[in-house]
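Source file work.cif; content: mmCIF, C-alpha atoms.
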```
data_upload
#
loop_
_atom_site.label_atom_id
_atom_site.label_comp_id
_atom_site.auth_asym_id
_atom_site.auth_seq_id
_atom_site.Cartn_x
_atom_site.Cartn_y
_atom_site.Cartn_z
CA MET B 1 134.12 93.67 93.46
CA ASN B 2 135.34 94.54 89.99
CA GLU B 3 135.51 92.46 86.84
CA GLN B 4 139.19 91.56 87.23
CA GLU B 5 138.58 90.18 90.73
CA LEU B 6 135.69 88.15 89.40
CA GLN B 7 137.92 86.74 86.69
CA ARG B 8 140.61 85.77 89.21
CA LEU B 9 138.01 84.01 91.30
CA ALA B 10 136.61 82.23 88.25
CA GLN B 11 140.09 80.99 87.33
CA ARG B 12 140.37 79.28 90.70
CA LEU B 13 136.97 77.66 90.44
CA GLY B 14 136.94 73.90 89.93
CA SER B 15 140.69 73.53 90.51
CA ASP B 16 140.31 71.26 93.53
CA ALA B 17 137.87 68.94 91.79
CA ALA B 18 139.98 68.92 88.63
CA GLY B 19 143.05 68.04 90.70
CA ARG B 20 141.38 64.82 91.82
CA VAL B 21 140.72 63.59 88.28
CA ASP B 22 143.15 60.79 87.30
CA VAL B 23 144.34 62.02 83.91
CA GLU B 24 146.11 58.77 82.94
CA ARG B 25 143.08 56.69 83.81
CA VAL B 26 140.88 58.95 81.69
CA ALA B 27 143.33 58.64 78.76
CA GLN B 28 143.47 54.84 79.01
CA ARG B 29 139.70 54.48 79.23
CA VAL B 30 139.11 56.78 76.28
CA ILE B 31 141.62 54.86 74.13
CA ALA B 32 140.11 51.52 75.20
CA ARG B 33 136.62 52.67 74.22
CA LEU B 34 137.81 53.99 70.87
CA GLU B 35 139.63 50.72 70.15
CA ALA B 36 136.53 48.71 71.06
CA VAL B 37 134.51 50.76 68.58
CA ARG B 38 137.14 50.25 65.86
CA ARG B 39 137.20 46.47 66.43
CA ALA B 40 133.44 46.25 66.26
CA ALA B 41 133.38 48.25 63.04
CA ARG B 42 135.75 45.91 61.14
CA PRO B 43 134.08 43.64 58.51
CA TRP B 44 133.73 40.06 59.73
CA TRP B 45 136.17 38.74 57.12
CA VAL B 46 138.91 41.00 58.44
CA ARG B 47 138.67 40.12 62.09
CA ALA B 48 141.56 38.14 63.55
CA THR B 49 139.49 35.08 64.47
CA THR B 50 138.07 34.81 60.97
CA VAL B 51 141.51 35.12 59.42
CA ARG B 52 142.84 32.31 61.63
CA ILE B 53 139.96 30.02 60.70
CA ALA B 54 140.43 30.76 56.99
CA ALA B 55 144.15 30.03 57.24
CA ALA B 56 143.48 26.68 58.96
CA VAL B 57 140.96 25.69 56.26
CA ALA B 58 143.40 26.68 53.53
CA LEU B 59 146.11 24.51 55.09
CA LEU B 60 143.76 21.54 55.33
CA VAL B 61 142.69 21.91 51.72
CA ALA B 62 146.30 22.22 50.56
CA ALA B 63 147.24 19.11 52.54
CA GLY B 64 144.31 17.24 51.03
CA ILE B 65 145.23 18.25 47.48
CA GLY B 66 148.85 17.30 48.07
CA THR B 67 147.90 13.87 49.39
CA TRP B 68 145.58 13.23 46.43
CA ALA B 69 148.30 14.26 43.97
CA VAL B 70 150.79 11.82 45.51
CA VAL B 71 148.32 8.91 45.49
CA ASP B 72 147.15 9.74 41.99
CA SER B 73 150.64 9.82 40.45
CA ARG B 74 151.33 6.19 41.45
CA GLN B 75 148.56 4.87 39.25
CA ASP B 76 149.07 4.70 35.46
CA PRO B 77 145.70 5.25 33.92
CA ARG B 78 146.76 3.91 30.51
CA PRO B 79 145.94 0.19 29.80
CA ALA B 80 148.78 -2.02 28.50
CA ALA B 81 147.11 -2.45 25.15
CA ALA B 82 147.05 1.32 24.57
CA ILE B 83 150.77 1.50 25.33
CA GLY B 84 151.48 -1.39 23.03
CA TRP B 85 149.29 -0.01 20.26
CA ARG B 86 151.09 3.34 20.26
CA ALA B 87 154.39 1.52 20.11
CA ILE B 88 153.21 -0.54 17.16
CA GLU B 89 151.95 2.53 15.34
CA THR B 90 155.37 4.15 15.50
CA LEU B 91 157.07 1.20 13.83
CA ALA B 92 158.14 1.63 10.20
CA ASN B 93 156.89 -1.02 7.76
CA ASP B 94 160.29 -2.81 7.58
CA ASP B 95 160.51 -2.99 11.32
CA LEU B 96 156.96 -4.21 11.52
CA GLY B 97 157.79 -6.93 9.01
CA GLU B 98 160.66 -8.16 11.21
CA VAL B 99 158.39 -8.27 14.22
CA LEU B 100 155.76 -10.15 12.31
CA ASP B 101 158.41 -12.68 11.09
CA SER B 102 159.20 -13.57 14.62
CA LEU B 103 155.64 -14.47 15.39
CA SER B 104 154.71 -18.10 15.84
CA ALA B 105 153.02 -18.11 12.53
CA THR B 106 149.34 -18.28 12.05
CA ALA B 107 150.06 -17.20 8.53
CA PRO B 108 152.99 -17.97 6.19
CA VAL B 109 156.02 -15.71 6.73
CA HIS B 110 155.90 -14.18 3.29
CA GLU B 111 152.31 -13.32 3.85
CA LEU B 112 153.14 -11.79 7.21
CA ALA B 113 155.93 -9.69 5.65
CA THR B 114 153.55 -8.11 3.22
CA MET B 115 150.91 -7.55 5.77
CA GLY B 116 150.19 -4.12 7.26
CA MET B 117 148.89 -3.43 10.74
CA ASP B 118 145.32 -3.47 9.60
CA ASP B 119 145.74 -6.92 8.15
CA LEU B 120 146.73 -8.55 11.37
CA THR B 121 144.21 -10.68 13.17
CA GLU B 122 143.44 -10.16 16.80
CA ALA B 123 145.48 -13.14 17.78
CA GLN B 124 148.45 -11.86 15.77
CA LEU B 125 148.19 -8.45 17.29
CA GLU B 126 148.12 -9.94 20.74
CA GLU B 127 151.15 -12.07 19.98
CA LEU B 128 152.94 -9.04 18.60
CA LEU B 129 152.23 -7.12 21.73
CA ARG B 130 153.37 -9.97 23.93
CA ARG B 131 156.71 -10.17 22.13
CA MET B 132 157.23 -6.47 22.22
CA GLU B 133 156.56 -6.27 25.92
CA ALA B 134 158.67 -9.31 26.79
CA MET U 1 155.85 60.75 66.13
CA THR U 2 157.98 60.41 69.30
CA ALA U 3 156.81 61.31 72.80
CA ALA U 4 158.80 64.54 72.62
CA ASP U 5 157.20 65.36 69.28
CA ARG U 6 153.74 64.74 70.71
CA ALA U 7 154.47 67.05 73.67
CA GLU U 8 155.37 69.87 71.27
CA ALA U 9 152.87 69.15 68.52
CA ALA U 10 149.93 71.43 67.90
CA ASP U 11 146.43 70.07 68.48
CA ALA U 12 145.81 69.93 64.72
CA ASP U 13 148.89 67.73 64.23
CA LEU U 14 147.87 65.39 67.02
CA ILE U 15 144.37 65.14 65.57
CA ALA U 16 145.79 64.30 62.15
CA ALA U 17 148.10 61.70 63.71
CA TRP U 18 145.19 60.10 65.53
CA GLN U 19 143.09 60.03 62.38
CA GLY U 20 146.03 58.24 60.80
CA GLY U 21 145.81 55.55 63.50
CA ASP U 22 148.23 56.83 66.17
CA GLU U 23 146.44 56.13 69.46
CA ARG U 24 149.20 57.78 71.44
CA ALA U 25 148.33 61.07 69.74
CA ALA U 26 144.79 60.74 71.09
CA ALA U 27 146.17 60.03 74.56
CA ALA U 28 148.37 63.14 74.30
CA LEU U 29 145.31 65.26 73.53
CA VAL U 30 143.51 63.82 76.55
CA ARG U 31 146.43 64.62 78.85
CA ARG U 32 146.68 68.13 77.44
CA HIS U 33 143.04 69.14 77.91
CA THR U 34 141.70 67.08 80.85
CA VAL U 35 142.42 69.66 83.56
CA ALA U 36 140.79 72.56 81.69
CA LEU U 37 137.76 70.42 80.82
CA SER U 38 137.45 69.20 84.42
CA ARG U 39 137.61 72.73 85.82
CA PHE U 40 134.96 73.91 83.37
CA LEU U 41 132.60 71.04 84.15
CA ALA U 42 133.11 71.39 87.90
CA SER U 43 132.37 75.12 87.64
CA THR U 44 129.19 74.49 85.67
CA GLY U 45 127.90 72.19 88.39
CA ALA U 46 129.30 68.71 87.80
CA ARG U 47 129.63 66.74 91.02
CA GLY U 48 133.06 65.55 92.08
CA ASP U 49 132.04 61.88 91.94
CA GLU U 50 130.77 62.12 88.36
CA LEU U 51 133.47 64.43 87.01
CA GLU U 52 135.85 61.76 85.69
CA ASP U 53 133.08 59.92 83.85
CA LEU U 54 131.85 63.14 82.30
CA VAL U 55 135.36 64.07 81.15
CA GLN U 56 135.88 60.61 79.67
CA GLU U 57 132.54 60.76 77.84
CA ALA U 58 133.30 64.23 76.46
CA PHE U 59 136.62 63.07 75.00
CA PHE U 60 135.03 59.91 73.58
CA ARG U 61 132.32 61.93 71.83
CA ALA U 62 134.89 64.41 70.56
CA PHE U 63 137.10 61.72 68.98
CA ARG U 64 134.09 59.89 67.53
CA SER U 65 132.93 63.07 65.80
CA ILE U 66 136.39 64.42 64.96
CA ASP U 67 135.51 64.47 61.26
CA ARG U 68 133.07 67.25 62.04
CA PHE U 69 135.81 69.38 63.60
CA ARG U 70 136.95 71.68 60.82
CA GLY U 71 139.33 73.77 62.88
CA GLN U 72 136.98 76.75 62.88
CA ALA U 73 137.57 77.03 66.64
CA ALA U 74 140.34 75.77 68.89
CA PHE U 75 140.10 72.09 69.76
CA ARG U 76 139.76 72.95 73.44
CA THR U 77 136.86 75.29 72.74
CA TRP U 78 135.10 72.59 70.76
CA LEU U 79 135.82 70.08 73.52
CA LEU U 80 134.40 72.38 76.22
CA ALA U 81 131.20 72.79 74.22
CA ILE U 82 130.92 69.00 73.94
CA GLY U 83 131.56 68.75 77.68
CA GLY U 84 128.71 71.16 78.33
CA ASN U 85 126.40 69.01 76.21
CA VAL U 86 127.50 65.85 78.01
CA LEU U 87 126.64 67.45 81.35
CA LYS U 88 123.30 68.67 80.00
CA ASP U 89 122.46 65.15 78.73
CA GLN U 90 123.44 63.65 82.05
CA ARG U 91 121.17 66.05 83.90
CA ARG U 92 118.31 65.27 81.52
CA ARG U 93 118.72 61.51 82.07
CA ALA U 94 118.87 62.01 85.83
CA ALA U 95 115.70 64.08 85.70
CA ARG U 96 113.90 61.32 83.75
CA ARG U 97 115.03 58.71 86.27
CA LYS U 98 113.76 61.05 89.03
CA VAL U 99 116.84 60.11 91.04
CA VAL U 100 118.26 63.61 91.26
CA PRO U 101 115.52 66.08 90.38
CA LEU U 102 116.42 69.49 89.02
CA LEU U 103 115.45 72.25 91.46
CA ASP U 104 114.84 74.82 88.77
CA HIS U 105 115.68 75.12 85.12
CA ASP U 106 117.94 78.07 86.01
CA VAL U 107 119.57 76.42 88.97
CA VAL U 108 122.23 73.78 88.59
CA GLU U 109 122.29 71.01 91.17
CA PRO U 110 124.65 72.10 93.95
CA SER U 111 127.90 70.22 94.29
CA GLY U 112 127.50 67.32 96.70
CA ASP U 113 131.19 66.98 97.35
CA PRO U 114 131.88 68.11 100.93
CA HIS U 115 135.59 68.29 100.20
CA ASP U 116 134.98 71.03 97.63
CA HIS U 117 132.96 73.05 100.14
CA ALA U 118 135.55 72.62 102.87
CA VAL U 119 138.40 73.81 100.69
CA ALA U 120 136.73 76.62 98.76
CA GLY U 121 136.92 80.04 100.40
CA ASP U 122 133.79 81.89 101.36
CA VAL U 123 133.94 84.20 98.35
CA GLU U 124 134.55 81.33 95.96
CA ARG U 125 131.62 79.49 97.47
CA ARG U 126 129.42 82.49 96.93
CA LEU U 127 130.61 82.68 93.32
CA GLU U 128 129.77 78.99 92.81
CA GLU U 129 126.28 79.51 94.17
CA ALA U 130 125.86 82.65 92.06
CA LEU U 131 126.90 80.79 88.93
CA ARG U 132 124.26 78.16 89.59
CA ARG U 133 121.64 80.88 89.60
CA LEU U 134 122.62 82.16 86.14
CA PRO U 135 120.86 81.00 82.98
CA PRO U 136 122.97 78.31 81.27
CA MET U 137 124.08 80.50 78.35
CA GLN U 138 125.27 83.31 80.65
CA ARG U 139 127.03 80.84 82.92
CA ASN U 140 128.83 79.14 80.01
CA VAL U 141 129.82 82.43 78.35
CA PHE U 142 131.17 83.79 81.63
CA LEU U 143 133.24 80.68 82.34
CA LEU U 144 134.59 80.41 78.79
CA ARG U 145 135.61 84.07 78.91
CA ALA U 146 136.72 84.56 82.52
CA GLN U 147 137.98 81.08 83.37
CA GLN U 148 139.18 79.73 80.01
CA GLY U 149 140.28 83.04 78.51
CA LEU U 150 138.53 82.60 75.16
CA GLU U 151 137.73 85.41 72.76
CA TYR U 152 134.11 86.24 71.93
CA ASP U 153 134.24 84.85 68.39
CA GLU U 154 135.50 81.51 69.73
CA ILE U 155 132.84 81.48 72.42
CA ALA U 156 130.20 82.24 69.81
CA GLY U 157 131.44 79.39 67.61
CA ALA U 158 131.44 76.95 70.50
CA LEU U 159 127.97 77.85 71.74
CA GLY U 160 126.26 78.47 68.42
CA SER U 161 125.83 82.18 69.03
CA THR U 162 127.30 85.37 67.62
CA PRO U 163 130.25 87.38 69.02
CA GLY U 164 127.94 90.30 69.76
CA ALA U 165 125.46 88.13 71.63
CA ALA U 166 128.29 86.47 73.53
CA ARG U 167 129.55 89.90 74.62
CA VAL U 168 126.09 90.86 75.89
CA HIS U 169 125.69 87.55 77.76
CA TYR U 170 129.07 88.10 79.41
CA HIS U 171 128.27 91.58 80.67
CA HIS U 172 124.88 90.44 81.97
CA ALA U 173 126.60 87.62 83.83
CA VAL U 174 129.26 89.89 85.33
CA ARG U 175 126.62 92.35 86.57
CA ARG U 176 124.56 89.61 88.27
CA LEU U 177 127.58 87.82 89.74
CA LYS U 178 128.95 91.03 91.25
CA ARG U 179 125.59 91.58 92.91
CA TYR U 180 125.38 88.02 94.30
CA VAL U 181 128.98 87.79 95.44
CA SER U 182 129.10 91.25 97.00
#
```

Structure translated into structure tokens:
Amino acid sequence: MNEQELQRLAQRLGSDAAGRVDVERVAQRVIARLEAVRRAARPWWVRATTVRIAAAVALLVAAGIGTWAVVDSRQDPRPAAAIGWRAIETLANDDLGEVLDSLSATAPVHELATMGMDDLTEAQLEELLRRMEA
Amino acid sequence: MTAADRAEAADADLIAAWQGGDERAAAALVRRHTVALSRFLASTGARGDELEDLVQEAFFRAFRSIDRFRGQAAFRTWLLAIGGNVLKDQRRRAARRKVVPLLDHDVVEPSGDPHDHAVAGDVERRLEEALRRLPPMQRNVFLLRAQQGLEYDEIAGALGSTPGAARVHYHHAVRRLKRYVS
């Protein structure tokens, strides 16, 4: 037997066994194993389940913030006196004198007309506020 | 890359596509090289019932270590070398389990598949038995050269040898096989 005959024989070796291998099944199993390795290698914060959980938490937090904002906007944190006081502070002296004149006097009118804000008693201030808000 | 593109693409292009995340490129490489790998493993002594698992494991190891493949040899050559290592590891594990003991370090376990024996001609059967008697390096060099048609420098690269040593191993193998088969 010469070398060429040996080579021809060698080229036929294993053909029958190789013919029984399911090529598609091998391909699918190899791909499945490689994909399993890739999934396992992903950081935990990237995995699909973690992303879904994070999205659900974000939605809950957003809903909670939205609800709080709606409830919060219905309440006016400023007391009536603070509103009234700012309004009084913006009045010019002439205007303030008119307002004071209309008060049921605890002081004579002419005295009221010359009075500034700081001169008003508590009772007068309260009366002033009441008239302004009426 | 379309299916037609994958059918025509060179191994290097398919490897690059797979590294870029294209699983179908990996599947195309499996389809392209399964038969050659199966024939090689069957000729080096793999049993018919374990052949598919060995082929699958060889491809899996190849893709997992693809970064180490620098293109210094053909992809098939590199794959066949990995296949040889897979078979060697499997034999080693079997020997440790004492389920299928090795007869001799030079003798590969004979094929237990009766279908193979029924189909193979008498001369082919004698060649199979003769191959089992060869030292592993001579057997692998002979098959890579005579069966797979590789050049000596590729064989040397795949087996971690030199082209000159591969040539010597081949001629030793041919001389012994002629004697056994004749």

Give as a PyMOL selection string every residue of chain B that touches chain U within 12 Å, counting only C-alpha atoms. chain B and resi 1-38

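Atom CA of Gln19 of chain U sits 23.2 Å away from atom CA of Gly157 of chain U.
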
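Here atom CA of Gly21 of chain U stands at a distance of 18.6 Å from atom CA of Phe75 of chain U.
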
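Here atom CA of Asn85 of chain U is placed at a distance of 23.9 Å from atom CA of Arg176 of chain U.
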
Could you give me, as a compact mmCIF listing (two decimals) with C-alpha atoms, in the coordinates of the input, the residues within 9 Å of Arg76 of chain U, counting all atoms listed in the file and dropping anything in the same chain fewer than 2 positions from it?
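Wrote it out as around25.txt, contents follow:
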```txt
# COMPACT_ATOMS: atom_id res chain seq x y z
CA ASP U 11 146.43 70.07 68.48
CA HIS U 33 143.04 69.14 77.91
CA ALA U 36 140.79 72.56 81.69
CA LEU U 37 137.76 70.42 80.82
CA ALA U 73 137.57 77.03 66.64
CA ALA U 74 140.34 75.77 68.89
CA TRP U 78 135.10 72.59 70.76
CA LEU U 79 135.82 70.08 73.52
CA LEU U 80 134.40 72.38 76.22
CA ALA U 81 131.20 72.79 74.22
```
